[in-house]
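For reference, target37.tsv (TSV, C-alpha atoms):
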chain	number	residue	atom	x	y	z
K	1367	MET	CA	-27.41	-12.29	-2.79
K	1368	GLU	CA	-29.93	-9.58	-2.06
K	1369	ALA	CA	-29.84	-6.29	-3.96
K	1370	ALA	CA	-29.06	-4.31	-0.78
K	1371	GLU	CA	-26.00	-6.45	-0.09
K	1372	ALA	CA	-24.67	-6.06	-3.63
K	1373	GLU	CA	-25.14	-2.28	-3.76
K	1374	TRP	CA	-22.92	-1.37	-0.83
K	1375	LEU	CA	-19.76	-1.73	-2.91
K	1376	THR	CA	-20.73	1.17	-5.17
K	1377	LEU	CA	-19.97	4.82	-4.54
K	1378	GLU	CA	-23.31	6.02	-5.95
K	1379	ARG	CA	-25.15	6.74	-2.70
K	1380	SER	CA	-22.11	7.32	-0.55
K	1381	PRO	CA	-20.57	10.65	0.49
K	1382	PHE	CA	-17.38	9.72	-1.40
K	1383	ASP	CA	-16.58	10.51	-5.01
K	1384	VAL	CA	-14.53	8.63	-7.57
K	1385	ASP	CA	-11.97	11.42	-8.04
K	1386	SER	CA	-11.02	11.52	-4.37
K	1387	LEU	CA	-10.82	7.72	-4.32
K	1388	TRP	CA	-8.45	7.70	-7.29
K	1389	THR	CA	-6.35	10.51	-5.82
K	1390	VAL	CA	-5.64	8.85	-2.47
K	1391	TRP	CA	-4.94	5.49	-4.08
K	1392	LEU	CA	-2.64	6.98	-6.73
K	1393	VAL	CA	-0.64	8.73	-4.00
K	1394	ALA	CA	-0.42	5.45	-2.06
K	1395	LEU	CA	0.60	3.60	-5.22
K	1396	ALA	CA	3.25	6.19	-6.10
K	1397	THR	CA	4.82	6.28	-2.66
K	1398	TYR	CA	4.42	2.81	-1.18
K	1399	GLY	CA	4.01	0.89	-4.41
K	1400	VAL	CA	6.56	2.49	-6.70
K	1401	GLY	CA	8.86	4.54	-4.48
K	1402	ASP	CA	9.41	1.91	-1.81
K	1403	VAL	CA	9.58	-1.00	-4.25
K	1404	VAL	CA	12.14	0.65	-6.54
K	1405	THR	CA	14.37	1.92	-3.75
K	1406	THR	CA	14.17	-1.35	-1.81
K	1407	ILE	CA	15.10	-3.34	-4.91
K	1408	ALA	CA	18.01	-0.99	-5.54
K	1409	ILE	CA	19.28	-1.40	-2.00
K	1410	VAL	CA	18.68	-5.12	-1.46
K	1411	TRP	CA	19.82	-6.38	-4.86
K	1412	PHE	CA	22.45	-3.83	-5.89
K	1413	MET	CA	24.05	-2.56	-2.66
K	1414	PRO	CA	25.76	-5.40	-0.79
K	1415	LEU	CA	26.35	-3.19	2.27
K	1416	TYR	CA	22.68	-3.29	3.21
K	1417	ALA	CA	20.11	-5.98	3.89
K	1418	GLU	CA	16.33	-5.82	4.28
K	1419	ALA	CA	15.43	-4.73	7.81
K	1420	ASN	CA	11.87	-6.10	7.84
K	1421	PRO	CA	12.12	-9.76	8.88
K	1422	LEU	CA	8.94	-10.76	7.03
K	1423	ILE	CA	10.14	-9.23	3.77
K	1424	GLN	CA	13.61	-10.65	4.35
K	1425	PHE	CA	12.12	-14.13	4.77
K	1426	ALA	CA	9.97	-13.76	1.64
K	1427	VAL	CA	12.97	-12.60	-0.39
K	1428	GLU	CA	15.15	-15.47	0.86
K	1429	ILE	CA	12.50	-18.09	0.06
K	1430	PHE	CA	10.79	-16.68	-3.05
K	1431	GLY	CA	13.14	-13.95	-4.31
K	1432	GLY	CA	11.71	-10.80	-5.83
K	1433	GLY	CA	8.35	-12.48	-6.39
K	1434	GLY	CA	7.91	-12.95	-2.65
K	1435	PHE	CA	8.72	-9.29	-2.07
K	1436	LEU	CA	6.17	-8.15	-4.65
K	1437	ALA	CA	3.57	-10.62	-3.36
K	1438	LEU	CA	3.85	-9.16	0.14
K	1439	LYS	CA	3.49	-5.64	-1.26
K	1440	LEU	CA	0.34	-6.68	-3.15
K	1441	LEU	CA	-1.01	-8.38	-0.03
K	1442	VAL	CA	-0.59	-5.14	1.91
K	1443	PHE	CA	-2.37	-3.20	-0.84
K	1444	TYR	CA	-5.28	-5.65	-0.89
K	1445	ALA	CA	-5.55	-5.63	2.91
K	1446	VAL	CA	-5.62	-1.83	3.02
K	1447	LEU	CA	-8.14	-1.70	0.18
K	1448	GLY	CA	-10.31	-4.20	2.04
K	1449	ILE	CA	-10.16	-2.18	5.25
K	1450	SER	CA	-11.01	0.99	3.35
K	1451	LEU	CA	-13.99	-0.50	1.52
K	1452	TRP	CA	-15.45	-2.82	4.13
K	1453	ALA	CA	-14.97	-0.51	7.11
K	1454	GLY	CA	-15.43	2.92	5.53
K	1455	LEU	CA	-18.01	2.55	2.79
K	1456	PRO	CA	-20.94	0.86	4.58
K	1457	GLU	CA	-20.65	3.15	7.59
K	1458	ARG	CA	-19.99	6.24	5.47
K	1459	ASP	CA	-16.94	6.84	7.65
K	1460	ARG	CA	-14.49	9.19	5.95
K	1461	LEU	CA	-11.65	8.31	8.33
K	1462	MET	CA	-11.94	4.58	7.63
K	1463	PHE	CA	-12.44	5.18	3.91
K	1464	TYR	CA	-9.57	7.61	3.27
K	1465	GLY	CA	-7.39	6.81	6.30
K	1466	PRO	CA	-5.91	3.44	5.27
K	1467	PRO	CA	-4.57	4.56	1.87
K	1468	LEU	CA	-3.31	7.80	3.41
K	1469	VAL	CA	-1.47	5.85	6.11
K	1470	LEU	CA	-0.02	3.65	3.38
K	1471	ALA	CA	1.11	6.78	1.51
K	1472	VAL	CA	2.75	8.23	4.63
K	1473	VAL	CA	4.55	4.93	5.28
K	1474	GLY	CA	5.62	4.91	1.64
K	1475	VAL	CA	7.05	8.44	1.88
K	1476	LEU	CA	8.94	7.63	5.08
K	1477	VAL	CA	10.34	4.32	3.85
K	1478	THR	CA	11.26	5.73	0.44
K	1479	ALA	CA	13.00	8.70	2.10
K	1480	ASN	CA	14.87	6.33	4.40
K	1481	ASN	CA	15.92	4.14	1.47
K	1482	LEU	CA	17.09	7.18	-0.52
K	1483	ALA	CA	19.08	8.38	2.49
K	1484	LEU	CA	20.78	4.98	2.69
K	1485	MET	CA	21.49	4.96	-1.03
K	1486	PHE	CA	23.09	8.39	-1.10
K	1487	ALA	CA	24.81	8.34	2.29

Can you give me the file's structure in the form of structure tokens?
Amino acid sequence: MEAAEAEWLTLERSPFDVDSLWTVWLVALATYGVGDVVTTIAIVWFMPLYAEANPLIQFAVEIFGGGGFLALKLLVFYAVLGISLWAGLPERDRLMFYGPPLVLAVVGVLVTANNLALMFA
């Protein structure tokens, strides 16, 4: 691998800094990763009135249990990280760099809020 190809994965000569990277990913992790996971587990496993609405997640839970659910969540995180790094970093595109984790965070807030509304309704 040439040196130029290996260097593009670093933030050194990019317009992005490490602090902003950590901030957007921690928000995405807190909302989509923790908030959605915890509330979904509470609803699906402990509230028999409700079932998972997402057919892909429902299928994974039926076949693989909680491990399938967590595997799909990790797959989404890796896909969004890949989009952010491979689309945003080489082109120095702020929208493609910060956009995917921010979209994930917004989805996490909405889904967590919906789950909490179902839990306390």

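Compared by their closest atoms to K:Ala1445, and using only C-alpha atoms, the residues K:Ala1419, K:Ala1479, K:Leu1470, K:Ala1426 rank with K:Leu1470 nearest.
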
Draw an axis-aligned box tight on the listed atoms of stretch 1399-1418 of chain K, then pad every side by 3 Å and write out centre and edge lengths in Å to one decimal as AutoDock Vina command-line options.
--center_x 15.2 --center_y -0.9 --center_z -1.2 --size_x 28.3 --size_y 16.9 --size_z 17.0

Close residues, stretch 1447-1453 of chain K itself excluded, 7 Å, all atoms listed in the file, min 2 positions apart in chain, as a ChimeraX atom specification: /K:1443-1445,1455-1457,1462-1464,1466

Selected residue of minimal separation from K:Pro1381 among K:Ala1396, K:Leu1482, K:Arg1460, K:Leu1438, counting only C-alpha atoms: K:Arg1460

Sel. within 10 Å of pt (8.6, -1.6, 2.3), counting all atoms listed in the file, output as a ChimeraX atom specification: /K:1398-1399,1401-1407,1418-1420,1423,1435-1436,1438-1439,1442,1473-1474,1476-1478,1481

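Nearest residue to K:Ala1408 among K:Val1475, K:Leu1468, K:Met1485, K:Leu1422 is K:Met1485, counting all atoms listed in the file.
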
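When atom CA of K:Ala1394 is paired with atom CA of K:Leu1484, their separation reads 21.7 Å.
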